[in-house]
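Structure first, then comments.
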Amino acid sequence: MSAISELSSISRRKGKATPEEKKANRRDNKAAYIFLLPWLVGLVAITIGPMLMSLYLSFTDYNLLQPPEWTGLDNFTRMLSDARLHNSLRVTFTYVFIGVPLQLAVALLIALVLDKGLRGLPFYRSVFYLPSLLGGSVAVAILWKQIFGTTGLVNQVLAMFGIQGPGWISDPSTALGSIILLHVWTFGAPMIIFLAGLRQIPNMYYEAARVDGATTLQQFGRITLPMLSPIIFFNLVLQIIGSFQSFTQAFIVSGGNGGPSDSTMFFTLYLYQKGFGQFDMGYASAMAWVLLLIIGVFTAINFIASKYWVFYDD
Amino acid sequence: MTTKLETLPTPDEKSAGAGKPTNRKRRVRESRGTLAFSRAQRGKSLMKHGILILAGGLMIYPLLWMVVSSLRPNELIFREPGLWLNSLEMSNYTSGWSALTHPFGHYMLNSAIVVIGSILGNLVSCSMAAYAFARLQFTGKKLFFGIMLLTIMLPFHVVIVPQYILFSQIGWVNTFWPLLVPKLLATDAFFVFLMVQFIRGIPRELDEAARIDGAGHPRIFLQVILPLMVPALATTTIFTFIWTWNDFFGALIYLTDPDMFTVPVALRAFVDSQSATSWGSLFAMSIVSLLPVFLVFLFGQRFLIKGIATTGIK
């Protein structure tokens with residue numbers, strides 16, 4: 001809730017330096033830049049410099065061996081007719097649009113159950129949070145590969161009921177679903193943010209509502225949801241940005257090739273293949289900028305839409 | 001929103017406050033004064049615990065099953081969905097440990113070097129930048145602060161191609177430098193922000209008093225601010241540990257020589273090199289790779305929870 005709201009408030013605070021501040025300015029300037037030196041060097045050498053270079057490379061053909069060759073918009077027009085890229089976009093969008101809302105819904109549901117002065121909260125919180133912490137690791141991706149394998153845990157359980165399960169990961173129609181499930185399984189981090197948000201809602205609102213005879217459902221719709229909307233917004237923005245960049249799980253589960261039949265070929269996985277598999281650095285750079293654009297557009301839409309549904313109490 | 005942030009309860013307050021709602025419940029119960037009501041309450045709470053234990057069990061089951069499976073003979077893994085162990089089979093661990101070119105300890109050591117270097121880098125560079133942003137006035141402060149916040153949301157794919165080109169031209173591929181240098185240069189802006197928020201909560205009177213006593217910024221930073229921001233430093237340490245330990249993408253790109261493999265890339269190589277029948281040793285090494293993260297989780301929970309609740313890092 002913080003980094004995002006800080007960012008939107010910065011523009012509002014622009015241009016209000018008092019004379020006192022200006023005096024302090026001069027005194028602290030030198031010290032400040034010394035303290036900022038590592039960050040500044042990093043900003044230029046590791047972030048902005050590479051960004052500019054990747055922008056340049058996106059208009060070139062470059063394979064690391066020969067110098068980059070300017071090809072104008074070629075990379076971008078190539079994308080228009082690249083069916084695998086279109087598919088990778090479809091896979092990524094499906095993952096984000098199904099995985100994120102599902103994960104946030106589960107996170108909110110469990111946070112609500114955990115909220116009201118429940119005994120053993122720290123215990124439950126740990127249990128639900130642990131997968132979140134391990135979920136991004138190669139080890140858990142390996143586990144997932146087994147769980148949804150043809151002879152995996154899920155099918156062993158199904159067999160106990162006499163059901164012959166499919167090869168979840170080897171079947172293109174269910175492979176992406178298993179990765180989405182892995183994403184939903186890691187709902188612990190947004191859950192903790194929801195829990196923190198729920199604690200900020202003053203109890204008197206609920207007490208007043210109860211006096212007025214509001215049902216639990218009414219209290220949820222009229223108090224909890226509006227009061228929690230900034231937190232929901234925060235989680236939504238963070239999860240969308242993060243989910244568009246998912247890589248490890250798809251890479252391991254699919255054996256690095258986005259299979260079966262490209263059904264788990266995430267955009268980032270395709271970018272990796274183009275850049276670091278085929279050393280088509282120009283195309284990979286162009287893809288990276290498309291990814292930045294997509295994430296930027298979604299974040300902007302989120303911010304604009306938030307004016308209509310996010311409610312700020314203060 | 002920032003003020004809200006500062007009022008977030010610390011984990012200690014949370015546990016202390018856990019009694020509060022119970023008191024309220026008791027008060028409500030007393031005001032009604034009927035035994036039936038309290039029985040209904042207890043039933044409801046029992047049901048809640050039942051649902052939570054069931055859900056939590058389902059969440060943790062795959063992990064427990066992986067632990068148990070790593071202690072089973074291979075052929076049983078594909079037949080046993082349960083958690084019963086007839087005998088302890090340690091052979092998976094011994095065969096897994098030496099399944100690759102180097103014993104698994106070699107990769108753990110590589111990971112440890114990268115993790116410790118990253119932690120030191122983040123602690124030094126992020127705290128310095130945070131001090132400048134939180135306490136010093138300087139030209140371009142708002143602009144730089146805004147940029148810093150934006151870099152938190154920047155997808156790393158946009159910079160990864162040129163970064164790779166840069167580091168490969170310096171000759172740093174297959175060294176740990178590409179993984180360490182960005183940390184030394186405060187590119188994990190999340191932590192800069194986390195520390196800025198924390199320093200803002202430290203009373204200014206403290207460093208002003210030190211300044212009157214003739215202390216310069218280096219001394220104020222080292223002797224006043226740093227000792228007070230230990231919780232923020234601990235949060236940074238823990239998250240850097242877990243992220244770096246789990247980092248797959250960076251290691252996959254930069255470390256192609258098996259000598260230099262960190263744990264995630266080694267595990268991936270293990271998956272590729274083994275036929276599907278050696279799940280047991282694969283699981284055993286997965287458990288070994290998850291163990292450090294799990295230990296950090298056990299001992300650093302309080303900081304983990306606080307870090308997520310305030311900044312959304314996971």
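Residues in the structure tokens are numbered from 1 in each chain, the chains being A, B, ... in the order shown, and ligands are numbered from 1 in the order shown.
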
Show which residues sit within 6 Å of segment 128-137 of chain B, as a list in words. Count only C-alpha atoms, and ignore same-chain residues fewer than 6 positions away.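 Near segment 128-137 of chain B, the qualifying residues are Asn25, Asp28, Ala32, Phe35 and Leu36 of chain A; Val192, Met195 and Val196 of chain B.
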
Hey, can you spit out that residue selection with N, CA and C atoms as a PDB file, in the first residue's frame?
ATOM      1  N   ASN A  25      19.266  22.466   1.915  1.00  0.00           N
ATOM      2  CA  ASN A  25      19.679  21.857   0.656  1.00  0.00           C
ATOM      3  C   ASN A  25      21.176  21.931   0.440  1.00  0.00           C
ATOM      4  N   ASP A  28      23.364  19.949   2.846  1.00  0.00           N
ATOM      5  CA  ASP A  28      23.326  18.491   2.800  1.00  0.00           C
ATOM      6  C   ASP A  28      23.662  17.901   1.437  1.00  0.00           C
ATOM      7  N   ALA A  32      24.640  14.067   0.796  1.00  0.00           N
ATOM      8  CA  ALA A  32      23.589  13.234   0.217  1.00  0.00           C
ATOM      9  C   ALA A  32      24.102  12.455  -0.984  1.00  0.00           C
ATOM     10  N   PHE A  35      26.250   9.562   0.034  1.00  0.00           N
ATOM     11  CA  PHE A  35      25.452   8.431   0.517  1.00  0.00           C
ATOM     12  C   PHE A  35      24.717   7.732  -0.626  1.00  0.00           C
ATOM     13  N   LEU A  36      24.344   8.520  -1.618  1.00  0.00           N
ATOM     14  CA  LEU A  36      23.569   7.948  -2.723  1.00  0.00           C
ATOM     15  C   LEU A  36      24.440   7.292  -3.784  1.00  0.00           C
TER      16      LEU A  36
ATOM     17  N   VAL B 192      15.539  -0.222  -0.184  1.00  0.00           N
ATOM     18  CA  VAL B 192      15.774   1.204   0.042  1.00  0.00           C
ATOM     19  C   VAL B 192      14.486   1.805   0.591  1.00  0.00           C
ATOM     20  N   MET B 195      13.690   0.779   4.156  1.00  0.00           N
ATOM     21  CA  MET B 195      14.535   1.455   5.133  1.00  0.00           C
ATOM     22  C   MET B 195      14.173   2.936   5.261  1.00  0.00           C
ATOM     23  N   VAL B 196      13.815   3.572   4.135  1.00  0.00           N
ATOM     24  CA  VAL B 196      13.372   4.967   4.203  1.00  0.00           C
ATOM     25  C   VAL B 196      12.184   5.068   5.147  1.00  0.00           C
TER      26      VAL B 196
END

Each chain A residue no farther than 7 Å from chain B, nearest pair in Å, only C-alpha atoms, as JSON lines:
{"residue": "A:Met1", "atom": "CA", "partner": "B:Thr311", "partner_atom": "CA", "distance": 6.8}
{"residue": "A:Ser2", "atom": "CA", "partner": "B:Thr311", "partner_atom": "CA", "distance": 6.2}
{"residue": "A:Ala3", "atom": "CA", "partner": "B:Leu149", "partner_atom": "CA", "distance": 6.3}
{"residue": "A:Ser5", "atom": "CA", "partner": "B:Met1", "partner_atom": "CA", "distance": 6.8}
{"residue": "A:Leu7", "atom": "CA", "partner": "B:Gly146", "partner_atom": "CA", "distance": 6.3}
{"residue": "A:Ala24", "atom": "CA", "partner": "B:Gln137", "partner_atom": "CA", "distance": 6.2}
{"residue": "A:Asn25", "atom": "CA", "partner": "B:Gln137", "partner_atom": "CA", "distance": 4.7}
{"residue": "A:Asp28", "atom": "CA", "partner": "B:Gln137", "partner_atom": "CA", "distance": 5.7}
{"residue": "A:Asn29", "atom": "CA", "partner": "B:Phe138", "partner_atom": "CA", "distance": 4.6}
{"residue": "A:Ala31", "atom": "CA", "partner": "B:His217", "partner_atom": "CA", "distance": 6.9}
{"residue": "A:Ala32", "atom": "CA", "partner": "B:Ala132", "partner_atom": "CA", "distance": 5.1}
{"residue": "A:Phe35", "atom": "CA", "partner": "B:Met128", "partner_atom": "CA", "distance": 5.1}
{"residue": "A:Leu36", "atom": "CA", "partner": "B:Ala129", "partner_atom": "CA", "distance": 4.7}
{"residue": "A:Pro38", "atom": "CA", "partner": "B:Leu185", "partner_atom": "CA", "distance": 4.7}
{"residue": "A:Trp39", "atom": "CA", "partner": "B:Ala186", "partner_atom": "CA", "distance": 5.0}
{"residue": "A:Val41", "atom": "CA", "partner": "B:Leu185", "partner_atom": "CA", "distance": 6.6}
{"residue": "A:Gly42", "atom": "CA", "partner": "B:Leu185", "partner_atom": "CA", "distance": 4.6}
{"residue": "A:Ile46", "atom": "CA", "partner": "B:Pro182", "partner_atom": "CA", "distance": 6.8}
{"residue": "A:Thr47", "atom": "CA", "partner": "B:Val159", "partner_atom": "CA", "distance": 6.4}
{"residue": "A:Pro50", "atom": "CA", "partner": "B:Pro162", "partner_atom": "CA", "distance": 5.1}
{"residue": "A:Met51", "atom": "CA", "partner": "B:Val159", "partner_atom": "CA", "distance": 5.4}
{"residue": "A:Met53", "atom": "CA", "partner": "B:Pro162", "partner_atom": "CA", "distance": 6.3}
{"residue": "A:Ser54", "atom": "CA", "partner": "B:Pro162", "partner_atom": "CA", "distance": 5.8}
{"residue": "A:Lys116", "atom": "CA", "partner": "B:Pro21", "partner_atom": "CA", "distance": 6.9}
{"residue": "A:Gly117", "atom": "CA", "partner": "B:Pro21", "partner_atom": "CA", "distance": 5.0}
{"residue": "A:Val127", "atom": "CA", "partner": "B:Gly56", "partner_atom": "CA", "distance": 6.1}
{"residue": "A:Phe128", "atom": "CA", "partner": "B:Gly56", "partner_atom": "CA", "distance": 6.2}
{"residue": "A:Gly136", "atom": "CA", "partner": "B:Asn246", "partner_atom": "CA", "distance": 6.9}
{"residue": "A:Ser137", "atom": "CA", "partner": "B:Asn246", "partner_atom": "CA", "distance": 5.1}
{"residue": "A:Val138", "atom": "CA", "partner": "B:Pro264", "partner_atom": "CA", "distance": 5.7}
{"residue": "A:Ala139", "atom": "CA", "partner": "B:Ser286", "partner_atom": "CA", "distance": 4.7}
{"residue": "A:Thr151", "atom": "CA", "partner": "B:Phe78", "partner_atom": "CA", "distance": 5.8}
{"residue": "A:Gly152", "atom": "CA", "partner": "B:Phe78", "partner_atom": "CA", "distance": 6.5}
{"residue": "A:Leu153", "atom": "CA", "partner": "B:Pro81", "partner_atom": "CA", "distance": 5.7}
{"residue": "A:Gln156", "atom": "CA", "partner": "B:Pro81", "partner_atom": "CA", "distance": 5.9}
{"residue": "A:Val157", "atom": "CA", "partner": "B:Pro81", "partner_atom": "CA", "distance": 6.1}
{"residue": "A:Ala189", "atom": "CA", "partner": "B:Lys314", "partner_atom": "CA", "distance": 5.9}
{"residue": "A:Ile192", "atom": "CA", "partner": "B:Ala309", "partner_atom": "CA", "distance": 6.0}
{"residue": "A:Ile193", "atom": "CA", "partner": "B:Ala309", "partner_atom": "CA", "distance": 4.6}
{"residue": "A:Ala196", "atom": "CA", "partner": "B:Ala309", "partner_atom": "CA", "distance": 5.8}
{"residue": "A:Gln245", "atom": "CA", "partner": "B:Pro155", "partner_atom": "CA", "distance": 6.9}
{"residue": "A:Thr248", "atom": "CA", "partner": "B:Phe248", "partner_atom": "CA", "distance": 6.6}
{"residue": "A:Met281", "atom": "CA", "partner": "B:Val161", "partner_atom": "CA", "distance": 6.8}
{"residue": "A:Ser285", "atom": "CA", "partner": "B:Val161", "partner_atom": "CA", "distance": 6.5}
{"residue": "A:Ala288", "atom": "CA", "partner": "B:Val158", "partner_atom": "CA", "distance": 4.8}
{"residue": "A:Trp289", "atom": "CA", "partner": "B:Val158", "partner_atom": "CA", "distance": 6.1}
{"residue": "A:Leu292", "atom": "CA", "partner": "B:Pro155", "partner_atom": "CA", "distance": 6.6}

DSSP on the backbone, helix (DSSP H, G or I) only: what residues of segment 67-215 of chain A does that give? Format it as JSON, numbers by chain. {"A": [74, 75, 76, 77, 78, 79, 80, 83, 84, 85, 86, 87, 88, 89, 90, 91, 92, 93, 94, 95, 96, 97, 98, 99, 100, 101, 102, 103, 104, 105, 106, 107, 108, 109, 110, 111, 112, 113, 114, 115, 121, 122, 123, 124, 125, 126, 127, 128, 129, 130, 131, 132, 133, 134, 138, 139, 140, 141, 142, 143, 144, 145, 146, 147, 153, 154, 155, 156, 157, 158, 159, 160, 172, 173, 174, 175, 176, 177, 178, 179, 180, 181, 182, 183, 184, 185, 188, 189, 190, 191, 192, 193, 194, 195, 196, 197, 198, 203, 204, 205, 206, 207, 208, 209, 210, 211]}

Run DSSP on the backbone and give me the residues of segment 58-289 of chain A it puts in strand (DSSP E or B), as a list in words. Thr60, Asp61, Glu69 and Trp70 of chain A

Write out, as a CSV table (one decimal), in the first residue's frame, the residues just selected, with C-alpha atoms.
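Now in selection.csv:
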chain,number,residue,atom,x,y,z
A,60,THR,CA,18.6,-4.1,-34.4
A,61,ASP,CA,19.6,-7.6,-35.3
A,69,GLU,CA,22.8,-4.2,-37.3
A,70,TRP,CA,20.1,-1.6,-37.5

One decimal, Å: what's the distance from atom CA of Gly43 of chain B over to atom CA of Gly120 of chain A, could you say?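 Separating atom CA of Gly43 of chain B from atom CA of Gly120 of chain A is a distance of 16.5 Å.
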
In Å to one decimal, how far is atom CA of Ser132 of chain A from atom CA of Gly188 of chain A? 5.2 Å

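Distances here use only C-alpha atoms; by that measure, the residue among B:Ile225, B:Leu76, B:Ile212, B:Ala269 closest to Tyr107 of chain B is B:Ala269.
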
Would you kindly return, as a VMD selection string, each protein, DNA or RNA residue with an atom no farther than 9 Å from any atom of segment 271-279 of chain A, considering only C-alpha atoms and excluding same-chain residues fewer than 3 positions away? (chain A and resid 62 to 64 256 to 257 266 to 268 282 to 285 287 to 288) or (chain B and resid 157 161 253)

Keeping N, CA and C atoms for every residue in the selection just given, could you write it to a file as a short mmCIF file (atom, residue, chain, number, x, y, z; two decimals), in the first residue's frame?
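That gives us again_8.cif:
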data_model
loop_
_atom_site.label_atom_id
_atom_site.label_comp_id
_atom_site.auth_asym_id
_atom_site.auth_seq_id
_atom_site.Cartn_x
_atom_site.Cartn_y
_atom_site.Cartn_z
N TYR A 62 20.99 -8.61 -33.54
CA TYR A 62 22.24 -8.74 -32.79
C TYR A 62 22.35 -10.14 -32.20
N ASN A 63 23.48 -10.81 -32.49
CA ASN A 63 23.62 -12.18 -31.98
C ASN A 63 24.85 -12.34 -31.08
N LEU A 64 25.38 -11.24 -30.55
CA LEU A 64 26.54 -11.22 -29.65
C LEU A 64 27.86 -11.34 -30.40
N GLY A 256 11.69 -26.64 -19.49
CA GLY A 256 12.42 -25.58 -20.14
C GLY A 256 11.94 -25.23 -21.54
N ASN A 257 10.95 -25.97 -22.06
CA ASN A 257 10.55 -25.69 -23.44
C ASN A 257 9.10 -25.24 -23.61
N PHE A 266 5.23 -19.34 -21.39
CA PHE A 266 5.00 -17.98 -20.90
C PHE A 266 5.82 -17.00 -21.76
N PHE A 267 5.38 -15.77 -21.77
CA PHE A 267 6.07 -14.73 -22.54
C PHE A 267 7.55 -14.65 -22.12
N THR A 268 7.81 -14.71 -20.82
CA THR A 268 9.19 -14.59 -20.33
C THR A 268 10.02 -15.80 -20.74
N GLY A 282 18.37 -8.89 -30.29
CA GLY A 282 17.53 -7.78 -30.75
C GLY A 282 16.06 -8.09 -30.53
N TYR A 283 15.67 -9.28 -30.93
CA TYR A 283 14.26 -9.69 -30.79
C TYR A 283 13.89 -9.78 -29.32
N ALA A 284 14.79 -10.36 -28.51
CA ALA A 284 14.51 -10.48 -27.07
C ALA A 284 14.33 -9.10 -26.45
N SER A 285 15.15 -8.13 -26.85
CA SER A 285 15.01 -6.77 -26.32
C SER A 285 13.67 -6.17 -26.71
N MET A 287 10.99 -7.80 -27.32
CA MET A 287 9.99 -8.47 -26.49
C MET A 287 9.94 -7.88 -25.09
N ALA A 288 11.14 -7.57 -24.55
CA ALA A 288 11.19 -7.00 -23.21
C ALA A 288 10.44 -5.67 -23.16
N HIS B 157 13.19 -8.00 -16.95
CA HIS B 157 13.46 -8.46 -18.31
C HIS B 157 13.90 -7.33 -19.23
N VAL B 161 18.83 -8.32 -20.88
CA VAL B 161 19.61 -8.58 -22.10
C VAL B 161 20.88 -7.70 -22.15
N ILE B 253 21.26 -17.82 -16.27
CA ILE B 253 21.87 -17.07 -17.37
C ILE B 253 23.39 -16.96 -17.19
#
